[in-house]
$ cat coords_35.cif   # mmCIF, C-alpha atoms; chains and numbers go by the auth columns
data_input
loop_
_atom_site.group_PDB
_atom_site.id
_atom_site.type_symbol
_atom_site.label_atom_id
_atom_site.label_comp_id
_atom_site.label_asym_id
_atom_site.label_seq_id
_atom_site.Cartn_x
_atom_site.Cartn_y
_atom_site.Cartn_z
_atom_site.B_iso_or_equiv
_atom_site.auth_seq_id
_atom_site.auth_asym_id
ATOM 1 C CA HIS A 1 7.762 41.330 4.170 0.00 65 Z
ATOM 2 C CA GLU A 2 9.166 38.991 6.848 0.00 66 Z
ATOM 3 C CA ALA A 3 5.683 37.581 7.437 0.00 67 Z
ATOM 4 C CA THR A 4 5.332 36.882 3.709 0.00 68 Z
ATOM 5 C CA LEU A 5 8.705 35.083 3.606 0.00 69 Z
ATOM 6 C CA HIS A 6 7.737 33.069 6.665 0.00 70 Z
ATOM 7 C CA SER A 7 4.481 32.050 5.007 0.00 71 Z
ATOM 8 C CA LEU A 8 6.267 30.998 1.809 0.00 72 Z
ATOM 9 C CA ASN A 9 8.849 28.982 3.720 0.00 73 Z
ATOM 10 C CA ALA A 10 6.099 27.231 5.658 0.00 74 Z
ATOM 11 C CA SER A 11 4.266 26.333 2.464 0.00 75 Z
ATOM 12 C CA ASN A 12 7.474 24.933 0.930 0.00 76 Z
ATOM 13 C CA HIS A 13 8.072 22.710 3.938 0.00 77 Z
ATOM 14 C CA CYS A 14 6.109 19.480 3.860 0.00 78 Z
ATOM 15 C CA THR A 15 6.385 16.926 6.636 0.00 79 Z
ATOM 16 C CA MET A 16 6.302 13.257 5.724 0.00 80 Z
ATOM 17 C CA LEU A 17 3.097 11.674 6.987 0.00 81 Z
ATOM 18 C CA VAL A 18 3.528 8.246 8.597 0.00 82 Z
ATOM 19 C CA LYS A 19 0.525 5.966 9.168 0.00 83 Z
ATOM 20 C CA GLU A 20 0.572 2.306 10.205 0.00 84 Z
ATOM 21 C CA TYR A 21 -2.307 -0.042 9.482 0.00 85 Z
ATOM 22 C CA ARG A 22 -2.539 -3.370 11.290 0.00 86 Z
ATOM 23 C CA ILE A 23 -4.794 -5.844 9.493 0.00 87 Z
ATOM 24 C CA THR A 24 -5.368 -9.122 11.298 0.00 88 Z
ATOM 25 C CA MET A 25 -6.480 -12.114 9.214 0.00 89 Z
ATOM 26 C CA PRO A 26 -7.889 -15.590 10.118 0.00 90 Z
ATOM 27 C CA MET A 27 -5.076 -17.584 8.503 0.00 91 Z
ATOM 28 C CA THR A 28 -1.357 -18.268 8.676 0.00 92 Z
ATOM 29 C CA SER A 29 1.148 -15.966 6.985 0.00 93 Z
ATOM 30 C CA ALA A 30 2.010 -18.816 4.566 0.00 94 Z
ATOM 31 C CA GLU A 31 -1.646 -19.041 3.525 0.00 95 Z
ATOM 32 C CA TYR A 32 -1.811 -15.280 3.184 0.00 96 Z
ATOM 33 C CA TYR A 33 1.158 -15.320 0.800 0.00 97 Z
ATOM 34 C CA ILE A 34 -0.685 -17.720 -1.516 0.00 98 Z
ATOM 35 C CA ALA A 35 -3.770 -15.471 -1.392 0.00 99 Z
ATOM 36 C CA GLN A 36 -1.617 -12.412 -2.117 0.00 100 Z
ATOM 37 C CA LEU A 37 -0.171 -14.011 -5.269 0.00 101 Z
ATOM 38 C CA TYR A 38 -3.690 -14.957 -6.394 0.00 102 Z
ATOM 39 C CA MET A 39 -5.064 -11.431 -5.909 0.00 103 Z
ATOM 40 C CA VAL A 40 -2.125 -9.853 -7.775 0.00 104 Z
ATOM 41 C CA ALA A 41 -2.732 -12.220 -10.698 0.00 105 Z
ATOM 42 C CA LYS A 42 -6.471 -11.534 -10.573 0.00 106 Z
ATOM 43 C CA ALA A 43 -5.954 -7.759 -10.613 0.00 107 Z
ATOM 44 C CA SER A 44 -3.593 -8.030 -13.587 0.00 108 Z
ATOM 45 C CA GLN A 45 -6.113 -10.184 -15.453 0.00 109 Z
ATOM 46 C CA GLU A 46 -8.910 -7.693 -14.809 0.00 110 Z
ATOM 47 C CA GLU A 47 -6.760 -4.906 -16.213 0.00 111 Z
ATOM 48 C CA SER A 48 -5.820 -6.863 -19.344 0.00 112 Z
ATOM 49 C CA GLY A 49 -7.629 -6.073 -22.559 0.00 113 Z
ATOM 50 C CA GLN A 50 -7.670 -2.360 -21.816 0.00 114 Z
ATOM 51 C CA GLU A 51 -7.165 0.097 -24.626 0.00 115 Z
ATOM 52 C CA ALA A 52 -3.638 1.385 -25.242 0.00 116 Z
ATOM 53 C CA GLY A 53 -2.631 3.820 -22.519 0.00 117 Z
ATOM 54 C CA GLU A 54 -5.114 2.375 -20.021 0.00 118 Z
ATOM 55 C CA GLY A 55 -4.829 -0.019 -17.089 0.00 119 Z
ATOM 56 C CA ILE A 56 -1.556 -1.438 -15.759 0.00 120 Z
ATOM 57 C CA GLU A 57 1.592 -1.576 -17.872 0.00 121 Z
ATOM 58 C CA ILE A 58 4.287 -3.951 -16.587 0.00 122 Z
ATOM 59 C CA ILE A 59 7.787 -2.591 -17.301 0.00 123 Z
ATOM 60 C CA ARG A 60 9.959 -5.054 -15.368 0.00 124 Z
ATOM 61 C CA ASN A 61 9.299 -8.302 -13.523 0.00 125 Z
ATOM 62 C CA GLU A 62 12.398 -10.166 -12.365 0.00 126 Z
ATOM 63 C CA PRO A 63 13.932 -11.873 -9.315 0.00 127 Z
ATOM 64 C CA PHE A 64 16.540 -10.109 -7.175 0.00 128 Z
ATOM 65 C CA ASP A 65 19.033 -11.121 -4.500 0.00 129 Z
ATOM 66 C CA GLU A 66 21.276 -9.349 -1.985 0.00 130 Z
ATOM 67 C CA LYS A 67 23.741 -8.318 -4.717 0.00 131 Z
ATOM 68 C CA SER A 68 21.242 -7.068 -7.301 0.00 132 Z
ATOM 69 C CA GLU A 69 21.523 -3.435 -8.347 0.00 133 Z
ATOM 70 C CA ILE A 70 17.753 -3.039 -8.068 0.00 134 Z
ATOM 71 C CA ASN A 71 17.806 -4.165 -4.419 0.00 135 Z
ATOM 72 C CA LYS A 72 18.388 -0.667 -3.034 0.00 136 Z
ATOM 73 C CA HIS A 73 16.780 -1.463 0.349 0.00 137 Z
ATOM 74 C CA ASN A 74 19.080 -4.394 1.204 0.00 138 Z
ATOM 75 C CA MET A 75 16.220 -6.867 1.306 0.00 139 Z
ATOM 76 C CA PRO A 76 16.430 -10.685 1.246 0.00 140 Z
ATOM 77 C CA PRO A 77 16.001 -12.377 -2.160 0.00 141 Z
ATOM 78 C CA GLY A 78 12.622 -11.814 -3.769 0.00 142 Z
ATOM 79 C CA GLN A 79 10.741 -10.545 -6.824 0.00 143 Z
ATOM 80 C CA TYR A 80 10.996 -7.008 -8.237 0.00 144 Z
ATOM 81 C CA THR A 81 8.273 -5.452 -10.377 0.00 145 Z
ATOM 82 C CA GLU A 82 7.984 -2.062 -12.013 0.00 146 Z
ATOM 83 C CA LYS A 83 4.624 -0.915 -13.341 0.00 147 Z
ATOM 84 C CA ILE A 84 2.909 2.166 -14.709 0.00 148 Z
ATOM 85 C CA MET A 85 -0.689 2.565 -13.598 0.00 149 Z
ATOM 86 C CA HIS A 86 -2.623 4.644 -16.126 0.00 150 Z
ATOM 87 C CA LEU A 87 -5.411 6.222 -14.082 0.00 151 Z
ATOM 88 C CA LYS A 88 -6.790 8.833 -16.463 0.00 152 Z
ATOM 89 C CA SER A 89 -9.780 6.677 -17.365 0.00 153 Z
ATOM 90 C CA LYS A 90 -10.725 6.553 -13.666 0.00 154 Z
ATOM 91 C CA LEU A 91 -11.375 10.318 -13.672 0.00 155 Z
ATOM 92 C CA PRO A 92 -14.552 12.033 -14.847 0.00 156 Z
ATOM 93 C CA LYS A 93 -14.140 12.685 -18.573 0.00 157 Z
ATOM 94 C CA PHE A 94 -14.274 16.467 -18.269 0.00 158 Z
ATOM 95 C CA ILE A 95 -11.397 16.401 -15.758 0.00 159 Z
ATOM 96 C CA GLY A 96 -9.379 13.860 -17.747 0.00 160 Z
ATOM 97 C CA ALA A 97 -9.580 16.139 -20.787 0.00 161 Z
ATOM 98 C CA LEU A 98 -7.984 18.987 -18.832 0.00 162 Z
ATOM 99 C CA VAL A 99 -4.978 17.251 -17.288 0.00 163 Z
ATOM 100 C CA PRO A 100 -1.853 15.771 -18.965 0.00 164 Z
ATOM 101 C CA ASP A 101 -1.270 12.010 -18.941 0.00 165 Z
ATOM 102 C CA SER A 102 1.876 12.490 -16.859 0.00 166 Z
ATOM 103 C CA MET A 103 -0.264 13.798 -13.992 0.00 167 Z
ATOM 104 C CA THR A 104 -2.431 10.667 -13.844 0.00 168 Z
ATOM 105 C CA ASP A 105 0.233 8.027 -14.483 0.00 169 Z
ATOM 106 C CA ILE A 106 1.578 6.507 -11.263 0.00 170 Z
ATOM 107 C CA ILE A 107 4.860 4.559 -11.399 0.00 171 Z
ATOM 108 C CA GLU A 108 5.039 1.650 -8.965 0.00 172 Z
ATOM 109 C CA TYR A 109 8.294 0.009 -7.839 0.00 173 Z
ATOM 110 C CA SER A 110 7.792 -3.110 -5.747 0.00 174 Z
ATOM 111 C CA TRP A 111 10.135 -5.476 -3.889 0.00 175 Z
ATOM 112 C CA ASN A 112 8.436 -8.642 -2.619 0.00 176 Z
ATOM 113 C CA ALA A 113 10.671 -10.589 -0.250 0.00 177 Z
ATOM 114 C CA PHE A 114 7.832 -12.104 1.754 0.00 178 Z
ATOM 115 C CA PRO A 115 7.223 -11.728 4.649 0.00 179 Z
ATOM 116 C CA TRP A 116 8.854 -8.326 4.063 0.00 180 Z
ATOM 117 C CA CYS A 117 7.523 -6.250 1.157 0.00 181 Z
ATOM 118 C CA ARG A 118 8.074 -2.676 0.035 0.00 182 Z
ATOM 119 C CA THR A 119 6.313 -0.629 -2.642 0.00 183 Z
ATOM 120 C CA GLU A 120 7.064 2.931 -3.769 0.00 184 Z
ATOM 121 C CA TYR A 121 4.932 5.247 -5.868 0.00 185 Z
ATOM 122 C CA HIS A 122 6.143 8.180 -7.959 0.00 186 Z
ATOM 123 C CA ASN A 123 4.653 10.562 -10.487 0.00 187 Z
ATOM 124 C CA LYS A 124 6.629 12.284 -13.256 0.00 188 Z
ATOM 125 C CA TYR A 125 4.417 15.369 -13.310 0.00 189 Z
ATOM 126 C CA PHE A 126 4.834 16.186 -9.610 0.00 190 Z
ATOM 127 C CA GLY A 127 8.413 14.873 -9.424 0.00 191 Z
ATOM 128 C CA GLU A 128 9.912 15.207 -5.938 0.00 192 Z
ATOM 129 C CA LYS A 129 6.743 16.897 -4.686 0.00 193 Z
ATOM 130 C CA PHE A 130 5.000 13.523 -4.513 0.00 194 Z
ATOM 131 C CA PHE A 131 6.280 10.345 -2.893 0.00 195 Z
ATOM 132 C CA MET A 132 4.513 7.431 -1.240 0.00 196 Z
ATOM 133 C CA SER A 133 5.838 4.157 0.098 0.00 197 Z
ATOM 134 C CA VAL A 134 4.153 1.156 1.692 0.00 198 Z
ATOM 135 C CA GLU A 135 6.362 -1.118 3.771 0.00 199 Z
ATOM 136 C CA THR A 136 4.767 -4.345 5.009 0.00 200 Z
ATOM 137 C CA MET A 137 5.745 -7.054 7.445 0.00 201 Z
ATOM 138 C CA HIS A 138 3.600 -10.176 7.764 0.00 202 Z
ATOM 139 C CA ALA A 139 3.700 -12.081 11.039 0.00 203 Z
ATOM 140 C CA ASP A 140 1.849 -14.918 12.761 0.00 204 Z
ATOM 141 C CA ASP A 141 0.583 -12.835 15.672 0.00 205 Z
ATOM 142 C CA ARG A 142 -2.383 -10.697 16.788 0.00 206 Z
ATOM 143 C CA GLY A 143 -0.978 -7.310 15.835 0.00 207 Z
ATOM 144 C CA THR A 144 0.938 -6.743 19.060 0.00 208 Z
ATOM 145 C CA GLN A 145 4.395 -5.912 17.655 0.00 209 Z
ATOM 146 C CA GLU A 146 5.344 -2.359 18.544 0.00 210 Z
ATOM 147 C CA ASN A 147 7.657 -1.755 15.583 0.00 211 Z
ATOM 148 C CA ALA A 148 7.342 -4.575 13.050 0.00 212 Z
ATOM 149 C CA VAL A 149 9.114 -2.747 10.184 0.00 213 Z
ATOM 150 C CA ASN A 150 11.884 -1.232 12.333 0.00 214 Z
ATOM 151 C CA LEU A 151 11.024 2.444 11.941 0.00 215 Z
ATOM 152 C CA ASN A 152 13.614 4.917 13.202 0.00 216 Z
ATOM 153 C CA ALA A 153 12.938 7.169 16.187 0.00 217 Z
ATOM 154 C CA GLU A 154 11.889 10.133 14.013 0.00 218 Z
ATOM 155 C CA ASP A 155 9.301 8.109 12.074 0.00 219 Z
ATOM 156 C CA LEU A 156 8.035 6.443 15.253 0.00 220 Z
ATOM 157 C CA ALA A 157 7.346 9.872 16.741 0.00 221 Z
ATOM 158 C CA LYS A 158 5.218 10.798 13.688 0.00 222 Z
ATOM 159 C CA ARG A 159 3.485 7.437 13.316 0.00 223 Z
ATOM 160 C CA LYS A 160 -0.220 6.959 13.958 0.00 224 Z
ATOM 161 C CA VAL A 161 -1.566 3.399 14.233 0.00 225 Z
ATOM 162 C CA ASP A 162 -4.951 2.153 13.008 0.00 226 Z
ATOM 163 C CA TYR A 163 -6.282 -1.350 13.643 0.00 227 Z
ATOM 164 C CA LEU A 164 -8.516 -2.561 10.813 0.00 228 Z
ATOM 165 C CA ASN A 165 -11.122 -5.168 11.726 0.00 229 Z
ATOM 166 C CA ILE A 166 -12.331 -7.052 8.635 0.00 230 Z
ATOM 167 C CA ALA A 167 -15.310 -8.364 10.633 0.00 231 Z
ATOM 168 C CA CYS A 168 -16.550 -4.879 11.514 0.00 232 Z
ATOM 169 C CA ASP A 169 -19.790 -4.191 9.651 0.00 233 Z
ATOM 170 C CA ASP A 170 -19.558 -1.049 7.540 0.00 234 Z
ATOM 171 C CA GLY A 171 -22.668 -0.165 5.589 0.00 235 Z
ATOM 172 C CA ASN A 172 -20.656 2.264 3.455 0.00 236 Z
ATOM 173 C CA VAL A 173 -18.565 -0.550 1.929 0.00 237 Z
ATOM 174 C CA ALA A 174 -20.189 -2.612 -0.814 0.00 238 Z
ATOM 175 C CA MET A 175 -19.376 -6.329 -0.482 0.00 239 Z
ATOM 176 C CA GLU A 176 -19.124 -8.701 -3.414 0.00 240 Z
ATOM 177 C CA LYS A 177 -21.458 -11.684 -3.047 0.00 241 Z
ATOM 178 C CA GLY A 178 -19.708 -14.467 -1.183 0.00 242 Z
ATOM 179 C CA GLU A 179 -16.843 -12.262 0.058 0.00 243 Z
ATOM 180 C CA ASP A 180 -18.269 -10.944 3.342 0.00 244 Z
ATOM 181 C CA PRO A 181 -16.080 -12.587 6.048 0.00 245 Z
ATOM 182 C CA THR A 182 -18.931 -12.343 8.585 0.00 246 Z
ATOM 183 C CA LYS A 183 -21.226 -14.424 6.348 0.00 247 Z
ATOM 184 C CA PHE A 184 -18.893 -16.625 4.308 0.00 248 Z
ATOM 185 C CA LEU A 185 -17.910 -20.057 5.636 0.00 249 Z
ATOM 186 C CA SER A 186 -15.143 -22.041 3.939 0.00 250 Z
ATOM 187 C CA LYS A 187 -16.093 -25.700 3.460 0.00 251 Z
ATOM 188 C CA LYS A 188 -12.421 -26.617 3.065 0.00 252 Z
ATOM 189 C CA THR A 189 -11.051 -24.992 6.228 0.00 253 Z
ATOM 190 C CA GLY A 190 -14.189 -24.561 8.327 0.00 254 Z
ATOM 191 C CA ARG A 191 -13.258 -20.909 8.861 0.00 255 Z
ATOM 192 C CA GLY A 192 -15.583 -17.986 8.403 0.00 256 Z
ATOM 193 C CA ASN A 193 -18.678 -16.332 9.835 0.00 257 Z
ATOM 194 C CA LEU A 194 -16.237 -14.153 11.738 0.00 258 Z
ATOM 195 C CA LYS A 195 -17.305 -12.331 14.864 0.00 259 Z
ATOM 196 C CA ARG A 196 -16.106 -8.805 15.644 0.00 260 Z
ATOM 197 C CA THR A 197 -13.879 -10.283 18.365 0.00 261 Z
ATOM 198 C CA PHE A 198 -12.147 -12.848 16.110 0.00 262 Z
ATOM 199 C CA MET A 199 -8.810 -11.034 16.493 0.00 263 Z
ATOM 200 C CA GLU A 200 -8.752 -11.963 20.185 0.00 264 Z
ATOM 201 C CA ASP A 201 -9.410 -15.701 20.018 0.00 265 Z
ATOM 202 C CA HIS A 202 -9.313 -17.039 16.448 0.00 266 Z
ATOM 203 C CA ALA A 203 -6.718 -19.634 15.437 0.00 267 Z
ATOM 204 C CA PRO A 204 -4.821 -19.558 13.173 0.00 268 Z
ATOM 205 C CA ILE A 205 -4.163 -15.804 13.089 0.00 269 Z
ATOM 206 C CA MET A 206 -1.731 -13.432 11.363 0.00 270 Z
ATOM 207 C CA THR A 207 -1.264 -9.697 10.947 0.00 271 Z
ATOM 208 C CA CYS A 208 -0.188 -7.457 8.077 0.00 272 Z
ATOM 209 C CA TYR A 209 1.720 -4.468 9.443 0.00 273 Z
ATOM 210 C CA LYS A 210 1.545 -1.825 6.702 0.00 274 Z
ATOM 211 C CA VAL A 211 3.431 1.441 7.201 0.00 275 Z
ATOM 212 C CA VAL A 212 2.480 4.148 4.707 0.00 276 Z
ATOM 213 C CA LYS A 213 4.722 7.181 4.246 0.00 277 Z
ATOM 214 C CA LEU A 214 3.416 10.079 2.177 0.00 278 Z
ATOM 215 C CA ARG A 215 4.786 13.409 1.045 0.00 279 Z
ATOM 216 C CA PHE A 216 2.617 15.546 -1.242 0.00 280 Z
ATOM 217 C CA LYS A 217 4.233 18.951 -1.467 0.00 281 Z
ATOM 218 C CA VAL A 218 1.573 20.849 -3.398 0.00 282 Z
ATOM 219 C CA LEU A 219 0.353 24.149 -1.965 0.00 283 Z
ATOM 220 C CA GLY A 220 -3.172 23.829 -0.627 0.00 284 Z
ATOM 221 C CA LEU A 221 -3.300 20.045 -0.963 0.00 285 Z
ATOM 222 C CA GLN A 222 -0.710 18.579 1.416 0.00 286 Z
ATOM 223 C CA SER A 223 -2.890 19.210 4.472 0.00 287 Z
ATOM 224 C CA ARG A 224 -5.886 17.514 2.825 0.00 288 Z
ATOM 225 C CA VAL A 225 -4.210 14.190 2.035 0.00 289 Z
#
$ encode --input "coords_35.cif" --output "structure tokens"
Amino acid sequence: HEATLHSLNASNHCTMLVKEYRITMPMTSAEYYIAQLYMVAKASQEESGQEAGEGIEIIRNEPFDEKSEINKHNMPPGQYTEKIMHLKSKLPKFIGALVPDSMTDIIEYSWNAFPWCRTEYHNKYFGEKFFMSVETMHADDRGTQENAVNLNAEDLAKRKVDYLNIACDDGNVAMEKGEDPTKFLSKKTGRGNLKRTFMEDHAPIMTCYKVVKLRFKVLGLQSRV
């Protein structure tokens, strides 16, 4: 009986996973910000024209400052967006027919106060069992900051760091024509044809420090995420 209770208590306890990704880019952080705005607009455009209940639904999009009620993380002034991502169409049809919409709808809350950004993801079906956040700091360096987003001691102890090299050839990743950084050369900036070692000697250079926190408290699944 005690062993059964112990097993149940263990299954109900779910540790927050903390993973940091450091992505170094051959540009300044100011240039990256322009590219970020472009890619957000491009993604929204690609999702437009979807059938009702599909794609990305924008609920709120408004500026915030230090006194705004929506600024719950005490961030500098920036832009707040709230979206619902309808993902049911991304599933195989036979699976989509079996699950409720609330299970495949992800709610995104985002605070963009560049160079500091924070995004949170929730799901109504799983409620408090599912939570994910992505906190990002952008800096003009080579990824050498030990704690760019000011994690506390508990999160630092859990954190695992991965360095992502965009010039590392990966045959498992399909590249769009003209978007391979090892083969593309910008006529405007003269940058491109990146070598695997570009992070060590390229100028200009900047790094995105992305800290992902995830809790998925579903029996049998939390250890697989």
$ residues_around --input "coords_35.cif" --residues "Asp205 of chain Z" --least-positions-apart "5" --cutoff "8 Å" --atoms "all atoms listed in the file" --output "PyMOL selection string"
chain Z and resi 269-271
$ resolve_selection --input "coords_35.cif" --expression "the PyMOL selection byres ((chain Z and resi 266) around 12)" --output "PyMOL selection string"
chain Z and resi 88-92+204-206+255-265+267-270
$ residues_near_point --input "coords_35.cif" --point "(7.4, -11.4, 4.6)" --cutoff "8 Å" --atoms "all atoms listed in the file" --output "list in words"
Asn176, Ala177, Phe178, Pro179, Trp180, Cys181, Thr200, Met201, His202 and Ala203 of chain Z
$ write_last_selection --input "coords_35.cif" --atoms "C-alpha atoms" --output "PDB file, keeping the file's coordinate frame"
ATOM      1  CA  ASN Z 176       8.436  -8.642  -2.619  1.00  0.00           C
ATOM      2  CA  ALA Z 177      10.671 -10.589  -0.250  1.00  0.00           C
ATOM      3  CA  PHE Z 178       7.832 -12.104   1.754  1.00  0.00           C
ATOM      4  CA  PRO Z 179       7.223 -11.728   4.649  1.00  0.00           C
ATOM      5  CA  TRP Z 180       8.854  -8.326   4.063  1.00  0.00           C
ATOM      6  CA  CYS Z 181       7.523  -6.250   1.157  1.00  0.00           C
ATOM      7  CA  THR Z 200       4.767  -4.345   5.009  1.00  0.00           C
ATOM      8  CA  MET Z 201       5.745  -7.054   7.445  1.00  0.00           C
ATOM      9  CA  HIS Z 202       3.600 -10.176   7.764  1.00  0.00           C
ATOM     10  CA  ALA Z 203       3.700 -12.081  11.039  1.00  0.00           C
TER      11      ALA Z 203
END
$ atom_distance --input "coords_35.cif" --atom1 "atom CA of Phe280 of chain Z" --atom2 "atom CA of Glu146 of chain Z"
21.3 Å
$ residues_around --input "coords_35.cif" --residues "segment 171-174 of chain Z" --least-positions-apart "3" --cutoff "7 Å" --atoms "only C-alpha atoms" --output "list of chain:residue names"
Z:Tyr144, Z:Thr145, Z:Glu146, Z:Lys147, Z:Ile148, Z:Met149, Z:Arg182, Z:Thr183, Z:Glu184, Z:Tyr185, Z:His186, Z:Asn187
$ atom_distance --input "coords_35.cif" --atom1 "atom CA of Val198 of chain Z" --atom2 "atom CA of Lys154 of chain Z"
22.1 Å
$ resolve_selection --input "coords_35.cif" --expression "the PyMOL selection byres ((chain Z and resi 214) around 12)" --output "number ranges by chain"
Z: 180, 199-201, 209-213, 215-220, 273-275
$ residues_near_point --input "coords_35.cif" --point "(-20.9, -9.5, 6.9)" --cutoff "7 Å" --atoms "only C-alpha atoms" --output "list in words"
Ala231, Asp233, Asp244, Pro245, Thr246 and Lys247 of chain Z
$ atom_distance --input "coords_35.cif" --atom1 "atom CA of Trp175 of chain Z" --atom2 "atom CA of Gln143 of chain Z"
5.9 Å
$ residues_around --input "coords_35.cif" --residues "segment 222-230 of chain Z" --least-positions-apart "5" --cutoff "6 Å" --atoms "all atoms listed in the file" --output "list in words"
Val82, Lys83, Glu84, Tyr85, Arg86 and Ile87 of chain Z
$ axis_aligned_box --input "coords_35.cif" --around "segment 185-199 of chain Z" --padding-each-side "6 Å" --output "AutoDock Vina command-line options"
--center_x 7.0 --center_y 7.9 --center_z -4.8 --size_x 17.8 --size_y 30.0 --size_z 29.1
$ closest_residue --input "coords_35.cif" --among "Z:Lys152, Z:Phe190, Z:Gly142, Z:Ala221" --to "Glu130 of chain Z" --atoms "only C-alpha atoms"
Z:Gly142
$ decode --input "coords_35.cif" --residues "segment 183-248 of chain Z" --atoms "C-alpha atoms" --output "compact mmCIF listing (two decimals), in the first residue's frame"
# COMPACT_ATOMS: atom_id res chain seq x y z
CA THR Z 183 6.57 34.02 -24.67
CA GLU Z 184 4.29 31.67 -22.73
CA TYR Z 185 2.20 28.79 -24.02
CA HIS Z 186 -0.90 27.32 -22.39
CA ASN Z 187 -3.57 24.80 -23.31
CA LYS Z 188 -7.12 24.83 -21.94
CA TYR Z 189 -7.54 21.06 -22.14
CA PHE Z 190 -4.48 20.24 -20.02
CA GLY Z 191 -4.81 23.34 -17.82
CA GLU Z 192 -2.08 23.55 -15.17
CA LYS Z 193 -0.63 20.23 -16.33
CA PHE Z 194 0.97 21.96 -19.32
CA PHE Z 195 3.09 25.10 -19.30
CA MET Z 196 5.92 26.28 -21.52
CA SER Z 197 7.79 29.56 -21.62
CA VAL Z 198 10.58 30.87 -23.84
CA GLU Z 199 12.61 33.76 -22.48
CA THR Z 200 15.12 35.34 -24.87
CA MET Z 201 17.92 37.84 -24.55
CA HIS Z 202 19.68 39.12 -27.67
CA ALA Z 203 23.24 40.37 -27.32
CA ASP Z 204 26.14 41.44 -29.54
CA ASP Z 205 28.51 38.71 -28.40
CA ARG Z 206 29.65 35.15 -29.22
CA GLY Z 207 27.41 33.30 -26.79
CA THR Z 208 29.73 33.60 -23.80
CA GLN Z 209 27.32 35.05 -21.21
CA GLU Z 210 26.85 32.61 -18.36
CA ASN Z 211 23.36 33.76 -17.36
CA ALA Z 212 21.94 36.14 -19.97
CA VAL Z 213 18.32 35.97 -18.74
CA ASN Z 214 19.15 36.10 -15.02
CA LEU Z 215 17.91 32.66 -14.00
CA ASN Z 216 17.69 31.99 -10.27
CA ALA Z 217 19.93 29.46 -8.55
CA GLU Z 218 17.31 26.68 -8.70
CA ASP Z 219 16.78 27.05 -12.46
CA LEU Z 220 20.52 27.34 -13.09
CA ALA Z 221 21.04 24.00 -11.36
CA LYS Z 222 18.49 22.36 -13.70
CA ARG Z 223 19.58 24.14 -16.87
CA LYS Z 224 21.25 22.34 -19.76
CA VAL Z 225 22.90 24.43 -22.49
CA ASP Z 226 22.99 23.64 -26.22
CA TYR Z 227 24.95 25.66 -28.77
CA LEU Z 228 23.27 25.67 -32.18
CA ASN Z 229 25.54 26.20 -35.18
CA ILE Z 230 23.55 27.37 -38.22
CA ALA Z 231 26.53 26.52 -40.45
CA CYS Z 232 26.62 22.88 -39.35
CA ASP Z 233 25.51 20.66 -42.23
CA ASP Z 234 22.57 18.47 -41.27
CA GLY Z 235 21.29 16.18 -43.99
CA ASN Z 236 18.10 15.58 -42.00
CA VAL Z 237 17.01 19.23 -42.35
CA ALA Z 238 15.50 20.27 -45.67
CA MET Z 239 16.71 23.72 -46.77
CA GLU Z 240 14.65 26.11 -48.86
CA LYS Z 241 16.46 27.16 -52.04
CA GLY Z 242 18.57 30.22 -51.37
CA GLU Z 243 18.34 29.94 -47.56
CA ASP Z 244 21.33 27.70 -46.79
CA PRO Z 245 23.76 30.00 -44.89
CA THR Z 246 26.74 27.90 -46.04
CA LYS Z 247 25.87 28.52 -49.71
CA PHE Z 248 24.06 31.86 -49.75
